[in-house]
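**Student:** Sending over run_6.txt (compact mmCIF, C-alpha atoms and all ligand atoms).
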# COMPACT_ATOMS: atom_id res chain seq x y z
CA MET A 273 75.54 71.94 51.64
CA SER A 274 72.84 70.31 53.79
CA LYS A 275 72.12 66.67 53.14
CA PRO A 276 68.86 65.91 51.33
CA PHE A 277 65.97 65.38 53.72
CA ILE A 278 63.57 64.38 50.95
CA SER A 279 64.94 62.34 48.07
CA VAL A 280 62.74 61.42 45.12
CA GLU A 281 64.20 59.00 42.56
CA GLY A 282 62.36 58.44 39.29
CA ALA A 283 58.96 58.54 41.00
CA GLN A 284 56.00 57.47 38.90
CA ARG A 285 52.29 57.24 39.57
CA GLN A 286 49.88 55.77 37.07
CA TYR A 287 46.12 55.29 37.29
CA GLN A 288 43.98 52.91 35.28
CA VAL A 289 41.00 54.88 33.97
CA LYS A 290 38.01 54.08 31.75
CA ARG A 291 36.53 56.44 29.21
CA GLY A 292 32.74 55.92 28.95
CA LEU A 293 30.71 52.99 30.29
CA PHE A 294 32.13 50.41 27.89
CA GLY A 295 35.43 52.13 27.15
CA ARG A 296 38.67 50.17 27.32
CA GLY A 297 40.94 50.81 30.27
CA LYS A 298 43.67 53.36 29.65
CA THR A 299 46.71 54.39 31.62
CA LEU A 300 46.90 57.91 32.96
CA HIS A 301 50.46 59.00 33.79
CA ALA A 302 49.96 61.52 36.58
CA VAL A 303 53.64 61.50 37.62
CA ALA A 304 55.92 60.18 34.93
CA GLY A 305 59.37 59.72 36.47
CA VAL A 306 60.63 62.71 38.44
CA SER A 307 63.75 63.00 40.58
CA PHE A 308 64.79 65.72 42.98
CA ASP A 309 66.35 66.26 46.38
CA VAL A 310 65.24 68.73 49.03
CA PRO A 311 68.15 69.70 51.32
CA GLU A 312 67.34 69.75 55.00
CA GLY A 313 65.88 73.08 56.14
CA SER A 314 65.21 74.33 52.60
CA THR A 315 62.11 74.77 50.42
CA PHE A 316 61.51 73.02 47.13
CA GLY A 317 58.74 74.71 45.15
CA LEU A 318 56.68 72.69 42.68
CA VAL A 319 54.83 74.80 40.14
CA GLY A 320 52.58 73.86 37.24
CA GLU A 321 49.07 74.20 35.93
CA SER A 322 46.05 72.29 37.11
CA GLY A 323 46.44 68.60 36.27
CA SER A 324 50.23 68.68 36.02
CA GLY A 325 50.59 66.13 38.84
CA LYS A 326 51.56 68.36 41.78
CA SER A 327 49.12 66.93 44.34
CA THR A 328 49.78 63.39 43.18
CA LEU A 329 53.47 63.91 43.84
CA ALA A 330 52.58 65.38 47.26
CA ARG A 331 50.55 62.26 48.10
CA LEU A 332 53.49 60.06 47.10
CA VAL A 333 55.87 61.99 49.39
CA LEU A 334 53.31 61.71 52.22
CA ALA A 335 53.03 57.94 51.54
CA ALA A 336 49.28 58.43 51.13
CA GLU A 337 49.65 56.48 47.86
CA PRO A 338 52.35 54.07 46.70
CA VAL A 339 54.63 54.89 43.78
CA SER A 340 54.05 52.88 40.58
CA GLY A 341 57.80 53.08 39.96
CA GLY A 342 60.90 54.68 41.45
CA SER A 343 61.50 55.35 45.14
CA ILE A 344 61.14 58.07 47.76
CA ARG A 345 63.01 58.62 51.01
CA VAL A 346 61.99 61.12 53.69
CA GLY A 347 64.45 61.48 56.56
CA GLU A 348 65.36 57.95 57.62
CA HIS A 349 62.25 56.45 56.03
CA GLN A 350 62.21 54.58 52.72
CA LEU A 351 58.52 54.84 51.83
CA ALA A 352 58.12 51.49 50.06
CA GLY A 353 56.14 49.06 52.21
CA LEU A 354 55.82 51.34 55.24
CA GLN A 355 53.51 49.60 57.72
CA GLY A 356 52.57 49.59 61.40
CA ALA A 357 54.94 51.31 63.83
CA ARG A 358 57.29 52.43 61.05
CA ARG A 359 54.40 54.10 59.25
CA LYS A 360 53.29 55.83 62.43
CA ALA A 361 56.83 57.10 63.04
CA PHE A 362 56.97 58.33 59.45
CA HIS A 363 53.81 60.41 60.00
CA ARG A 364 55.55 62.22 62.82
CA THR A 365 58.37 63.11 60.41
CA VAL A 366 56.30 64.80 57.71
CA GLN A 367 52.88 66.44 57.93
CA PRO A 368 50.58 67.94 55.28
CA VAL A 369 49.02 71.40 55.16
CA LEU A 370 46.35 71.50 52.48
CA GLN A 371 44.66 74.17 50.41
CA ASP A 372 41.24 74.46 51.99
CA PRO A 373 41.48 74.80 55.75
CA TYR A 374 37.70 74.65 56.10
CA SER A 375 37.30 71.19 54.61
CA SER A 376 40.40 69.87 56.39
CA LEU A 377 39.10 70.94 59.84
CA SER A 378 36.14 69.04 61.25
CA PRO A 379 33.33 71.63 61.76
CA GLN A 380 31.83 70.03 64.91
CA MET A 381 35.09 69.91 66.82
CA ARG A 382 36.57 72.63 69.02
CA ILE A 383 39.90 73.99 67.80
CA ALA A 384 41.58 72.48 70.88
CA ASP A 385 40.35 69.01 69.92
CA ILE A 386 41.27 69.48 66.27
CA ILE A 387 44.84 70.34 67.27
CA GLY A 388 44.87 67.73 70.04
CA GLU A 389 43.63 64.77 67.98
CA PRO A 390 46.99 63.83 66.38
CA LEU A 391 48.74 64.41 69.73
CA ARG A 392 46.47 61.84 71.38
CA VAL A 393 46.73 59.37 68.50
CA HIS A 394 50.52 59.49 68.79
CA GLY A 395 50.46 59.35 72.59
CA LEU A 396 51.94 62.84 73.00
CA ALA A 397 49.14 64.25 75.19
CA GLN A 398 46.52 62.97 77.64
CA ARG A 399 42.95 64.30 77.29
CA SER A 400 43.57 66.63 80.26
CA GLU A 401 46.67 68.12 78.59
CA VAL A 402 45.12 68.82 75.19
CA LEU A 403 43.80 72.31 75.95
CA ALA A 404 47.13 73.61 77.28
CA LYS A 405 49.06 72.07 74.37
CA ALA A 406 46.60 73.54 71.86
CA GLU A 407 46.93 77.00 73.44
CA GLU A 408 50.72 76.74 73.20
CA LEU A 409 50.55 75.79 69.51
CA LEU A 410 48.03 78.55 68.75
CA THR A 411 50.43 81.08 70.26
CA LEU A 412 53.22 79.66 68.11
CA VAL A 413 51.23 80.39 64.94
CA GLY A 414 50.24 83.89 66.05
CA LEU A 415 46.71 83.24 67.34
CA ALA A 416 45.22 84.09 70.72
CA PRO A 417 45.14 81.04 73.03
CA GLU A 418 41.41 81.55 73.71
CA MET A 419 40.72 80.51 70.09
CA ALA A 420 41.17 76.95 71.39
CA ARG A 421 37.57 77.02 72.64
CA ARG A 422 36.09 78.14 69.32
CA HIS A 423 34.87 76.13 66.32
CA PRO A 424 36.23 76.46 62.74
CA HIS A 425 33.20 78.47 61.50
CA GLU A 426 34.01 81.17 64.07
CA LEU A 427 37.42 81.81 62.46
CA SER A 428 38.48 83.67 59.32
CA GLY A 429 40.15 81.80 56.44
CA GLY A 430 43.60 83.00 57.49
CA GLN A 431 42.97 81.98 61.11
CA ARG A 432 41.80 78.54 59.98
CA GLN A 433 44.96 78.05 57.94
CA ARG A 434 47.01 79.00 61.03
CA VAL A 435 45.08 76.33 62.96
CA ALA A 436 45.89 73.79 60.23
CA ILE A 437 49.59 74.72 60.55
CA ALA A 438 49.39 74.45 64.37
CA ARG A 439 47.82 71.00 64.05
CA ALA A 440 50.58 69.90 61.66
CA LEU A 441 53.31 71.23 63.97
CA GLY A 442 51.96 69.49 67.07
CA LEU A 443 53.75 66.28 66.18
CA GLN A 444 57.01 68.21 65.83
CA PRO A 445 57.60 67.10 62.25
CA GLN A 446 60.85 67.84 60.44
CA ALA A 447 59.11 68.49 57.12
CA LEU A 448 55.81 69.90 55.84
CA VAL A 449 54.17 69.20 52.51
CA LEU A 450 52.29 72.40 51.71
CA ASP A 451 49.78 71.81 48.90
CA GLU A 452 48.46 75.20 47.74
CA PRO A 453 48.57 76.52 51.32
CA VAL A 454 47.41 80.05 50.44
CA SER A 455 45.33 79.54 47.28
CA ALA A 456 42.02 79.77 49.13
CA LEU A 457 42.99 82.98 50.95
CA ASP A 458 42.61 86.68 50.14
CA VAL A 459 45.77 88.13 48.63
CA SER A 460 46.20 90.40 51.67
CA ILE A 461 46.27 87.35 53.97
CA GLN A 462 48.49 85.21 51.74
CA ALA A 463 51.71 87.11 52.60
CA GLN A 464 50.99 86.80 56.33
CA ILE A 465 50.70 83.02 56.11
CA LEU A 466 53.77 82.71 53.85
CA ASN A 467 55.79 84.85 56.27
CA LEU A 468 54.59 82.72 59.19
CA LEU A 469 55.77 79.61 57.31
CA LYS A 470 59.17 81.24 56.68
CA ASP A 471 59.52 82.20 60.37
CA LEU A 472 58.61 78.69 61.50
CA GLN A 473 61.07 77.19 59.03
CA ARG A 474 63.89 79.38 60.34
CA ALA A 475 63.03 78.69 63.98
CA ARG A 476 62.62 74.92 63.61
CA GLY A 477 64.85 74.02 60.66
CA LEU A 478 61.85 72.65 58.76
CA THR A 479 62.09 71.24 55.25
CA TYR A 480 59.24 72.25 52.92
CA LEU A 481 57.82 70.77 49.76
CA LEU A 482 55.66 73.66 48.62
CA ILE A 483 53.11 73.27 45.85
CA SER A 484 51.44 76.12 44.04
CA HIS A 485 50.03 76.97 40.64
CA ASP A 486 51.11 80.55 41.46
CA LEU A 487 54.67 81.25 40.34
CA ALA A 488 54.86 84.34 42.58
CA VAL A 489 54.21 82.22 45.68
CA VAL A 490 56.81 79.65 44.64
CA ALA A 491 59.34 82.38 43.78
CA TYR A 492 58.84 84.07 47.15
CA MET A 493 59.26 80.93 49.20
CA SER A 494 61.58 78.53 47.40
CA ASP A 495 65.28 77.76 47.31
CA GLN A 496 64.83 75.36 44.41
CA VAL A 497 62.01 75.21 41.87
CA GLY A 498 60.68 72.37 39.71
CA VAL A 499 58.33 73.21 36.84
CA LEU A 500 55.99 70.28 36.29
CA TYR A 501 54.07 69.64 33.08
CA LEU A 502 52.02 66.49 32.46
CA GLY A 503 53.89 64.66 35.21
CA GLU A 504 57.43 65.58 34.10
CA PHE A 505 59.85 68.33 34.96
CA MET A 506 60.30 70.82 32.18
CA GLU A 507 62.80 72.91 34.16
CA LEU A 508 64.55 72.43 37.45
CA GLY A 509 67.06 74.49 39.38
CA THR A 510 67.62 77.22 41.90
CA ARG A 511 64.92 79.84 42.29
CA GLU A 512 67.28 82.42 40.78
CA ASP A 513 67.87 80.30 37.65
CA VAL A 514 64.34 79.02 37.06
CA VAL A 515 62.40 82.18 37.88
CA GLY A 516 65.07 84.76 37.12
CA ARG A 517 66.75 83.15 34.09
CA ALA A 518 64.15 80.71 32.73
CA ARG A 519 65.38 78.70 29.74
CA HIS A 520 62.35 76.49 28.93
CA PRO A 521 59.50 77.78 26.73
CA TYR A 522 56.90 76.51 29.22
CA THR A 523 58.50 78.25 32.20
CA ARG A 524 58.79 81.42 30.15
CA ALA A 525 55.10 81.18 29.23
CA LEU A 526 54.17 80.69 32.89
CA ILE A 527 56.20 83.76 33.82
CA ALA A 528 54.66 85.80 31.00
CA SER A 529 51.22 84.67 32.07
CA SER A 530 51.83 85.55 35.72
CA GLU A 531 53.11 88.97 34.65
CA SER A 532 50.08 89.30 32.31
CA ARG A 533 52.33 89.69 29.29
CA VAL A 534 49.55 88.05 27.29
CA GLU A 535 51.19 88.58 23.89
CA SER A 536 53.68 85.78 24.60
CA ALA A 537 51.32 83.54 26.52
CA PRO A 538 48.26 82.47 24.48
CA THR A 539 49.66 79.44 22.60
CA ALA A 540 51.36 78.07 25.59
CA MET A 541 48.51 78.81 27.93
CA ALA A 542 45.81 76.99 25.97
CA ASP A 543 44.28 73.97 27.71
CA ILE A 544 46.69 71.37 29.07
CA PRO A 545 46.37 68.10 27.05
CA SER A 546 45.12 64.89 28.65
CA PRO A 547 47.76 62.79 30.42
CA ILE A 548 46.16 59.72 28.77
CA ASP A 549 47.57 58.64 25.40
CA LEU A 550 50.33 61.21 25.34
CA PRO A 551 52.00 61.68 21.96
CA GLY A 552 55.64 60.79 21.44
CA GLY A 553 58.25 63.52 21.40
CA CYS A 554 58.09 66.56 23.64
CA ARG A 555 55.08 66.73 25.99
CA PHE A 556 54.84 70.46 25.44
CA GLN A 557 54.88 70.34 21.62
CA SER A 558 51.15 71.01 21.09
CA ARG A 559 51.44 74.34 22.88
CA CYS A 560 55.00 75.39 22.20
CA PRO A 561 55.46 78.36 19.85
CA HIS A 562 58.96 77.05 19.03
CA ALA A 563 58.09 73.42 18.18
CA THR A 564 59.89 71.79 15.23
CA ALA A 565 59.67 68.40 13.53
CA ARG A 566 62.35 67.17 15.90
CA CYS A 567 60.11 68.01 18.87
CA ALA A 568 57.39 65.68 17.53
CA ALA A 569 59.84 62.85 16.87
CA GLU A 570 62.21 62.93 19.81
CA ARG A 571 61.51 63.27 23.50
CA PRO A 572 63.82 65.79 25.16
CA LEU A 573 65.45 64.52 28.34
CA LEU A 574 66.23 66.75 31.25
CA ARG A 575 69.74 68.07 30.61
CA PRO A 576 72.00 70.55 32.38
CA VAL A 577 72.21 74.12 31.12
CA GLY A 578 74.06 75.48 34.14
CA GLU A 579 75.72 74.37 37.34
CA ALA A 580 72.44 73.48 39.04
CA HIS A 581 69.96 74.15 36.24
CA TRP A 582 68.22 71.63 33.96
CA ILE A 583 65.71 71.88 31.13
CA ALA A 584 63.82 69.30 29.05
CA CYS A 585 64.02 70.96 25.65
CA HIS A 586 66.02 70.21 22.50
CA TYR A 587 66.84 73.88 22.19
CA ASP A 588 67.87 76.60 24.54
CA ILE A 589 65.90 79.77 24.07
CA GLY A 590 67.81 81.53 26.82
CA GLY A 591 71.22 80.13 25.89
CA THR A 592 74.04 81.37 23.73
CA ALA A 593 74.99 78.24 21.74
CA GLY A 594 74.77 78.30 17.94
CA THR A 595 71.36 78.02 16.28
CA ALA A 596 70.43 74.57 14.99
CA ALA A 597 69.65 74.01 11.32
CA ASP A 598 66.15 72.88 12.23
CA ALA A 599 65.61 75.44 14.97
CA PRO A 600 63.35 78.43 14.44
CA ALA A 601 64.96 81.86 14.55
CA GLY A 602 65.89 82.82 18.08
CA LEU A 603 66.39 79.27 19.30
CA ALA A 604 69.86 78.11 20.17
CA GLN A 605 70.55 74.40 19.82
CA GLY A 606 70.57 72.38 22.99
CA ARG A 607 73.90 70.91 23.93
CA PRO A 608 74.03 67.11 23.85
CA SER A 609 72.55 65.69 27.01
CA ALA A 610 75.09 65.15 29.73
CA ALA A 611 72.33 64.04 32.07
CA ALA A 612 71.54 60.41 32.65
CA PRO A 613 68.44 59.19 30.80
CA ARG A 614 66.45 59.47 34.01
CA GLN A 615 65.74 62.90 35.38
CA ARG A 616 68.07 63.64 38.21
CA ALA A 617 68.85 66.78 40.13
CA PRO A 618 71.72 66.53 42.56
CA ALA A 619 71.18 68.30 45.85
CA THR A 620 71.99 71.96 45.46
CA ALA A 621 73.20 74.31 48.13
CA GLU A 622 70.55 76.21 49.96
CA ALA A 623 69.96 79.45 48.15
CA THR A 624 71.27 82.49 49.91
CA LEU A 625 68.26 84.65 49.08
CA ARG A 626 65.34 84.32 51.44
N1 LIG B 1 42.87 58.84 41.87
C1 LIG B 1 42.98 59.21 40.61
N2 LIG B 1 42.49 58.46 39.61
C2 LIG B 1 42.61 58.82 38.31
N3 LIG B 1 43.23 59.96 37.90
C3 LIG B 1 43.75 60.76 38.85
C4 LIG B 1 43.66 60.43 40.25
N4 LIG B 1 44.26 61.42 40.95
C5 LIG B 1 44.72 62.32 40.04
N5 LIG B 1 44.42 61.93 38.78
C6 LIG B 1 44.77 62.61 37.54
O1 LIG B 1 46.16 62.84 37.58
C7 LIG B 1 46.48 64.09 36.96
C8 LIG B 1 47.25 64.93 37.96
O2 LIG B 1 46.34 65.32 39.01
P1 LIG B 1 46.83 66.20 40.24
O3 LIG B 1 45.66 66.36 41.14
O4 LIG B 1 48.06 65.62 40.79
O5 LIG B 1 47.17 67.59 39.54
P2 LIG B 1 47.50 69.01 40.21
O6 LIG B 1 48.71 69.51 39.51
O7 LIG B 1 47.55 68.88 41.68
O8 LIG B 1 46.24 69.88 39.76
P3 LIG B 1 45.49 71.07 40.58
O9 LIG B 1 46.37 72.29 40.39
O10 LIG B 1 44.18 71.19 39.85
O11 LIG B 1 45.34 70.66 42.01
C9 LIG B 1 45.16 64.69 36.53
O12 LIG B 1 44.96 64.40 35.18
C10 LIG B 1 44.15 63.98 37.40
O13 LIG B 1 42.89 63.92 36.76
S1 LIG B 2 61.54 70.42 22.73
FE1 LIG B 2 60.51 71.62 21.14
S2 LIG B 2 58.31 71.58 21.66
FE2 LIG B 2 59.47 70.96 23.49
S3 LIG B 2 59.75 72.85 24.61
FE3 LIG B 2 61.58 72.59 23.35
S4 LIG B 2 61.15 73.74 21.43
FE4 LIG B 2 59.18 73.46 22.52
MG MG B 3 46.49 69.78 43.27
Could you quickly redo this structure as structure tokens?

**Tutor:**
Amino acid sequence: MSKPFISVEGAQRQYQVKRGLFGRGKTLHAVAGVSFDVPEGSTFGLVGESGSGKSTLARLVLAAEPVSGGSIRVGEHQLAGLQGARRKAFHRTVQPVLQDPYSSLSPQMRIADIIGEPLRVHGLAQRSEVLAKAEELLTLVGLAPEMARRHPHELSGGQRQRVAIARALGLQPQALVLDEPVSALDVSIQAQILNLLKDLQRARGLTYLLISHDLAVVAYMSDQVGVLYLGEFMELGTREDVVGRARHPYTRALIASSESRVESAPTAMADIPSPIDLPGGCRFQSRCPHATARCAAERPLLRPVGEAHWIACHYDIGGTAGTAADAPAGLAQGRPSAAAPRQRAPATAEATLR
């Protein structure tokens, strides 16, 4: 088992928000205490609907924002209080690749300068060396070296995303945070970019935190999967367990929705509630077709349902345990929580399927 390269322990991020001009300040819990490890050289896929906290968690791992609680380590770097030279070194360790390559690439700059900018900031290339280095990186991501002289508007969406990946790789990071890296691309181009990312990972031993609202993308790429809902994990485990043997009603609804099995999706796929003033009990109760009185009264903690598989549900719709007295037909009772009260996923072995 590889050691964790990214380790997230009870991470929280809250924002103070105001409703209306004279409204009282409220607390929005964007990330509400999540824990997971990403073994070196593997991919952790974060999936969830819009507003579930995926990008906020990405910003925390990139140290673009501080945690409100908990801690994060990336490689040798504890992210709390990173300043100066330590912060600069951290940025060479992990780089972002974002959804919209057009807005993340400056339109006036030549591709060579876009790729060369971080190299110069980090003292890895002189001005005279930038063109050659950019051409090398363009070749690495499958583009013709002469693209270095073009501007972003002269490239297709897929080519721009390759440039964004080349720019990120210039600093020779050990990890990439990929926030919806193919969402803005045509379906036909998406697989090309995902395969490029897989090839680069194999060749360079990269660790990925991959974010997508698209379960198919996460299933294709990931060794481990975390299903985020209103800032908390609903299900966590290997790709085979979470996508292939989903045990949480929310994950099952996401799968049904992605397979267009609409008959099982509508309740669960109604609008996501506001992360301000969340009710007690289960976060998913307002949309769960299986909710009981217990779900409104008692918050389910993440608990193990397999060797490396956790769900936050009082019941176990995919399990075989006896049915609870208060559980609707078809629901097996959840076993008592053996997990600590905080959410914690020990590092799991890299999945064999790729
Ligand atoms: N700076 C901020 N101030 C206040 N609220 C914020 C801020 N950033 C994010 N939020 C809120 O935090 C919640 C999570 O947002 P986030 O962008 O992380 O979700 P997401 O899962 O990435 O969604 P999407 O799929 O739409 O990108 C949302 O309710 C959002 O409105
Ligand atoms: S705890 Fe209850 S409301 Fe929450 S997912 Fe499980 S059955 Fe649904
Ligand atoms: Mg986002």

**Student:** Return the single residue from A:Tyr522, A:Leu573, A:Asp451, A:Arg399 that is closest to Arg559 of chain A, with distances computed using only C-alpha atoms.

**Tutor:**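 Closest candidate: A:Tyr522.
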
**Student:** For a quick check of understanding, using all atoms listed in the file, which of A:Gly341, A:Gly353, A:Gly323, A:Gly414 has the smallest distance to ligand LIG 1 (chain B)?

**Tutor:**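 Selected residue with least distance to ligand LIG 1 (chain B): A:Gly323.
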
**Student:** Could you report the residues within 12 Å of ligand LIG 1 (chain B), using all atoms listed in the file, as JSON, numbers by chain?

**Tutor:** {"A": [284, 285, 286, 287, 288, 289, 290, 291, 297, 298, 299, 300, 301, 302, 303, 304, 318, 319, 320, 321, 322, 323, 324, 325, 326, 327, 328, 329, 330, 331, 332, 336, 337, 338, 370, 371, 372, 450, 451, 452, 453, 455, 482, 483, 484, 485, 486, 499, 500, 501, 502, 503, 504, 544, 545, 546, 547, 548, 549, 550]}

**Student:** Near Met493 of chain A, within 12 Å and counting only C-alpha atoms, which residues show up once chain neighbours fewer than 6 positions away are dropped, as a ChimeraX atom specification?

**Tutor:** /A:314-319,450,453-454,462-463,465-471,473,479-484,486-487,510-512,515,623,625-626

**Student:** Please tabulate, as a Markdown table, the residues of chain A that come within 10 Å of ligand LIG 2 (chain B), each with its closest pair of atoms and the distance in Å to one decimal, counting all atoms listed in the file and ordering rows by chain, then residue number upward.

**Tutor:**
| residue | atom | partner | partner_atom | distance |
| --- | --- | --- | --- | --- |
| A:Met506 | CA | B:LIG2 | S3 | 7.9 |
| A:Arg519 | CA | B:LIG2 | S3 | 9.6 |
| A:His520 | CA | B:LIG2 | S3 | 6.2 |
| A:Pro521 | CA | B:LIG2 | S3 | 5.4 |
| A:Tyr522 | CA | B:LIG2 | S3 | 6.5 |
| A:Thr523 | CA | B:LIG2 | S3 | 9.4 |
| A:Ala540 | CA | B:LIG2 | FE4 | 9.6 |
| A:Gly553 | CA | B:LIG2 | S1 | 7.8 |
| A:Cys554 | CA | B:LIG2 | FE2 | 4.6 |
| A:Arg555 | CA | B:LIG2 | FE2 | 6.6 |
| A:Phe556 | CA | B:LIG2 | FE2 | 5.0 |
| A:Gln557 | CA | B:LIG2 | S2 | 3.6 |
| A:Ser558 | CA | B:LIG2 | S2 | 7.2 |
| A:Arg559 | CA | B:LIG2 | S2 | 7.5 |
| A:Cys560 | CA | B:LIG2 | FE4 | 4.6 |
| A:Pro561 | CA | B:LIG2 | FE4 | 6.7 |
| A:His562 | CA | B:LIG2 | S4 | 4.6 |
| A:Ala563 | CA | B:LIG2 | S2 | 3.9 |
| A:Thr564 | CA | B:LIG2 | FE1 | 5.9 |
| A:Ala565 | CA | B:LIG2 | FE1 | 8.3 |
| A:Arg566 | CA | B:LIG2 | FE1 | 7.1 |
| A:Cys567 | CA | B:LIG2 | FE1 | 4.3 |
| A:Ala568 | CA | B:LIG2 | S2 | 7.3 |
| A:Ala569 | CA | B:LIG2 | S1 | 9.7 |
| A:Glu570 | CA | B:LIG2 | S1 | 8.1 |
| A:Arg571 | CA | B:LIG2 | S1 | 7.2 |
| A:Pro572 | CA | B:LIG2 | S1 | 5.7 |
| A:Leu573 | CA | B:LIG2 | S1 | 9.0 |
| A:Ile583 | CA | B:LIG2 | FE3 | 8.8 |
| A:Ala584 | CA | B:LIG2 | S1 | 6.8 |
| A:Cys585 | CA | B:LIG2 | FE3 | 3.7 |
| A:His586 | CA | B:LIG2 | S1 | 4.5 |
| A:Tyr587 | CA | B:LIG2 | FE3 | 5.5 |
| A:Asp588 | CA | B:LIG2 | FE3 | 7.6 |
| A:Ile589 | CA | B:LIG2 | S4 | 8.1 |
| A:Ala599 | CA | B:LIG2 | S4 | 8.0 |
| A:Pro600 | CA | B:LIG2 | S4 | 8.7 |
| A:Leu603 | CA | B:LIG2 | S4 | 7.9 |
| A:Ala604 | CA | B:LIG2 | S4 | 9.8 |
| A:Gln605 | CA | B:LIG2 | S4 | 9.6 |
| A:Gly606 | CA | B:LIG2 | FE3 | 9.0 |

**Student:** Report, in Å with one decimal, the straight-line distance from atom CA of Phe308 of chain A to atom CA of Thr365 of chain A.

**Tutor:**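 Going from atom CA of Phe308 of chain A over to atom CA of Thr365 of chain A, I get 18.8 Å.
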
**Student:** Would you mind reading off the distance between atom CA of Pro576 of chain A and atom CA of Phe505 of chain A, one decimal, in Å?

**Tutor:**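 Separation between atom CA of Pro576 of chain A and atom CA of Phe505 of chain A: 12.6 Å.
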